[in-house]
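Below you'll find the structure, written out as structure tokens, and then a few comments.
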Amino acid sequence: MAIPQPLNYLPQTSNVSPAPLLLAQPSSAAVPITVDTLAYISEVYDSLFASQISGSTPLLKSIRSILIKKLLLDHAAQQLLFEPILTFDDLIAFTLDILHRTTLIP
């Protein structure tokens, strides 16, 4: 006696039912990010602005760069006390605001 085939005409390869497809969550239910904000701002400064600092000697250039970075990170640390970073969009807006407040960008 032959075993009847399933009604869908696709060959059945296992007895496990397929997993349901998970849909993306709406943007209003954003998952909090776990990025160190000060480390991110420090990396932005190092990769974009540090090389543009001028100085008559390498030591003067290094001192200026360190002081500007400290100013930037101090402003960011102070602002983080009042402004939580919950999403990547918040992080970008926060970084741009800090760069603007310290006059690194107009």
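Following the order of the structure tokens, first chain is A, next is B, and so on, with residues numbered from 1 inside each chain and ligands from 1 in the order they appear.
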
Quick one: residues within 10 Å of Asp74 of chain A, only C-alpha atoms counted, chain neighbours fewer than 6 positions away excluded, as a PDB file with N, CA, C and O atoms, in the first residue's frame?
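Okay, out_36.pdb is ready:
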ATOM      1  N   LEU A  38      30.583  58.675  25.148  1.00  0.00           N
ATOM      2  CA  LEU A  38      31.840  59.429  25.216  1.00  0.00           C
ATOM      3  C   LEU A  38      32.923  58.802  24.349  1.00  0.00           C
ATOM      4  O   LEU A  38      33.693  59.511  23.702  1.00  0.00           O
ATOM      5  N   ILE A  68      41.495  70.420  23.200  1.00  0.00           N
ATOM      6  CA  ILE A  68      40.224  70.499  22.473  1.00  0.00           C
ATOM      7  C   ILE A  68      39.396  69.237  22.704  1.00  0.00           C
ATOM      8  O   ILE A  68      38.185  69.302  22.924  1.00  0.00           O
ATOM      9  N   LEU A  80      25.278  64.781  29.081  1.00  0.00           N
ATOM     10  CA  LEU A  80      24.711  63.439  29.276  1.00  0.00           C
ATOM     11  C   LEU A  80      23.971  63.298  30.600  1.00  0.00           C
ATOM     12  O   LEU A  80      23.132  62.408  30.744  1.00  0.00           O
ATOM     13  N   ILE A  98      26.995  68.614  20.366  1.00  0.00           N
ATOM     14  CA  ILE A  98      28.231  68.831  21.122  1.00  0.00           C
ATOM     15  C   ILE A  98      29.306  69.456  20.222  1.00  0.00           C
ATOM     16  O   ILE A  98      30.013  70.372  20.634  1.00  0.00           O
TER      17      ILE A  98
END

Checklist line | Selection near segment 39-44 of chain A, 10 Å with only C-alpha atoms, sequence-local residues under 4 positions removed, as a ChimeraX atom specification | finding: /A:35,48-50,69-70,72-73,76,91-92,94-96,98-99

Note to self: Please compute the atom CA of Asp36 of chain A-atom CA of Arg101 of chain A distance, one decimal, in Å.
What the structure shows: 20.0 Å

Check: In Å, with one decimal, what is the gap from atom CA of Ile33 of chain A to atom CA of Phe88 of chain A?
Finding: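 Atom CA of Phe88 of chain A lies at a distance of 6.6 Å from atom CA of Ile33 of chain A.
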
Checklist line | Filtered DSSP result for segment 22-86 of chain A, state alpha helix (DSSP H), as a PyMOL selection string | finding: chain A and resi 37-44+58-80

Output N, CA and C atoms for every residue in the selection just made, as a tab-separated table (two decimals), in the first residue's frame.
chain	number	residue	atom	x	y	z
A	37	THR	N	28.73	56.57	24.70
A	37	THR	CA	28.61	57.84	24.00
A	37	THR	C	29.91	58.63	24.02
A	38	LEU	N	30.58	58.67	25.15
A	38	LEU	CA	31.84	59.43	25.22
A	38	LEU	C	32.92	58.80	24.35
A	39	ALA	N	32.97	57.48	24.30
A	39	ALA	CA	33.94	56.81	23.43
A	39	ALA	C	33.61	57.09	21.96
A	40	TYR	N	32.33	57.13	21.63
A	40	TYR	CA	31.92	57.43	20.25
A	40	TYR	C	32.34	58.85	19.87
A	41	ILE	N	32.08	59.82	20.74
A	41	ILE	CA	32.46	61.20	20.46
A	41	ILE	C	33.97	61.33	20.36
A	42	SER	N	34.69	60.63	21.22
A	42	SER	CA	36.15	60.64	21.16
A	42	SER	C	36.65	60.09	19.83
A	43	GLU	N	36.04	59.02	19.36
A	43	GLU	CA	36.42	58.43	18.06
A	43	GLU	C	36.10	59.37	16.91
A	44	VAL	N	34.96	60.04	16.99
A	44	VAL	CA	34.61	61.03	15.95
A	44	VAL	C	35.65	62.13	15.91
A	58	PRO	N	55.26	70.03	16.74
A	58	PRO	CA	54.45	68.83	17.01
A	58	PRO	C	53.94	68.79	18.46
A	59	LEU	N	54.75	69.28	19.40
A	59	LEU	CA	54.32	69.30	20.80
A	59	LEU	C	53.14	70.24	21.00
A	60	LEU	N	53.21	71.43	20.42
A	60	LEU	CA	52.12	72.39	20.52
A	60	LEU	C	50.86	71.85	19.86
A	61	LYS	N	51.02	71.21	18.73
A	61	LYS	CA	49.87	70.60	18.05
A	61	LYS	C	49.24	69.52	18.93
A	62	SER	N	50.05	68.71	19.56
A	62	SER	CA	49.55	67.64	20.43
A	62	SER	C	48.82	68.23	21.65
A	63	ILE	N	49.38	69.26	22.25
A	63	ILE	CA	48.75	69.89	23.41
A	63	ILE	C	47.41	70.49	23.02
A	64	ARG	N	47.35	71.19	21.91
A	64	ARG	CA	46.08	71.76	21.44
A	64	ARG	C	45.04	70.68	21.19
A	65	SER	N	45.47	69.62	20.56
A	65	SER	CA	44.55	68.53	20.25
A	65	SER	C	43.98	67.91	21.53
A	66	ILE	N	44.85	67.69	22.52
A	66	ILE	CA	44.41	67.10	23.79
A	66	ILE	C	43.43	68.03	24.51
A	67	LEU	N	43.73	69.33	24.52
A	67	LEU	CA	42.86	70.28	25.21
A	67	LEU	C	41.50	70.41	24.52
A	68	ILE	N	41.49	70.42	23.20
A	68	ILE	CA	40.22	70.50	22.47
A	68	ILE	C	39.40	69.24	22.70
A	69	LYS	N	40.05	68.09	22.70
A	69	LYS	CA	39.33	66.83	22.94
A	69	LYS	C	38.77	66.81	24.37
A	70	LYS	N	39.55	67.30	25.34
A	70	LYS	CA	39.07	67.36	26.71
A	70	LYS	C	37.86	68.28	26.82
A	71	LEU	N	37.90	69.43	26.17
A	71	LEU	CA	36.77	70.35	26.16
A	71	LEU	C	35.53	69.67	25.58
A	72	LEU	N	35.71	68.99	24.48
A	72	LEU	CA	34.62	68.28	23.82
A	72	LEU	C	34.01	67.22	24.74
A	73	LEU	N	34.86	66.41	25.35
A	73	LEU	CA	34.37	65.34	26.21
A	73	LEU	C	33.77	65.87	27.51
A	74	ASP	N	34.30	66.98	28.04
A	74	ASP	CA	33.70	67.59	29.23
A	74	ASP	C	32.30	68.11	28.95
A	75	HIS	N	32.13	68.76	27.81
A	75	HIS	CA	30.79	69.23	27.41
A	75	HIS	C	29.84	68.05	27.25
A	76	ALA	N	30.31	67.00	26.62
A	76	ALA	CA	29.47	65.82	26.39
A	76	ALA	C	29.08	65.16	27.71
A	77	ALA	N	30.04	65.00	28.61
A	77	ALA	CA	29.75	64.37	29.90
A	77	ALA	C	28.75	65.19	30.70
A	78	GLN	N	28.89	66.50	30.67
A	78	GLN	CA	27.94	67.37	31.38
A	78	GLN	C	26.55	67.27	30.78
A	79	GLN	N	26.46	67.26	29.47
A	79	GLN	CA	25.16	67.20	28.80
A	79	GLN	C	24.50	65.84	28.98
A	80	LEU	N	25.28	64.78	29.08
A	80	LEU	CA	24.71	63.44	29.28
A	80	LEU	C	23.97	63.30	30.60

Next item on the list: Would you work out the distance separating atom CA of Thr102 of chain A from atom CA of Gln52 of chain A, expressed in Å to one decimal?
Entry: 15.2 Å
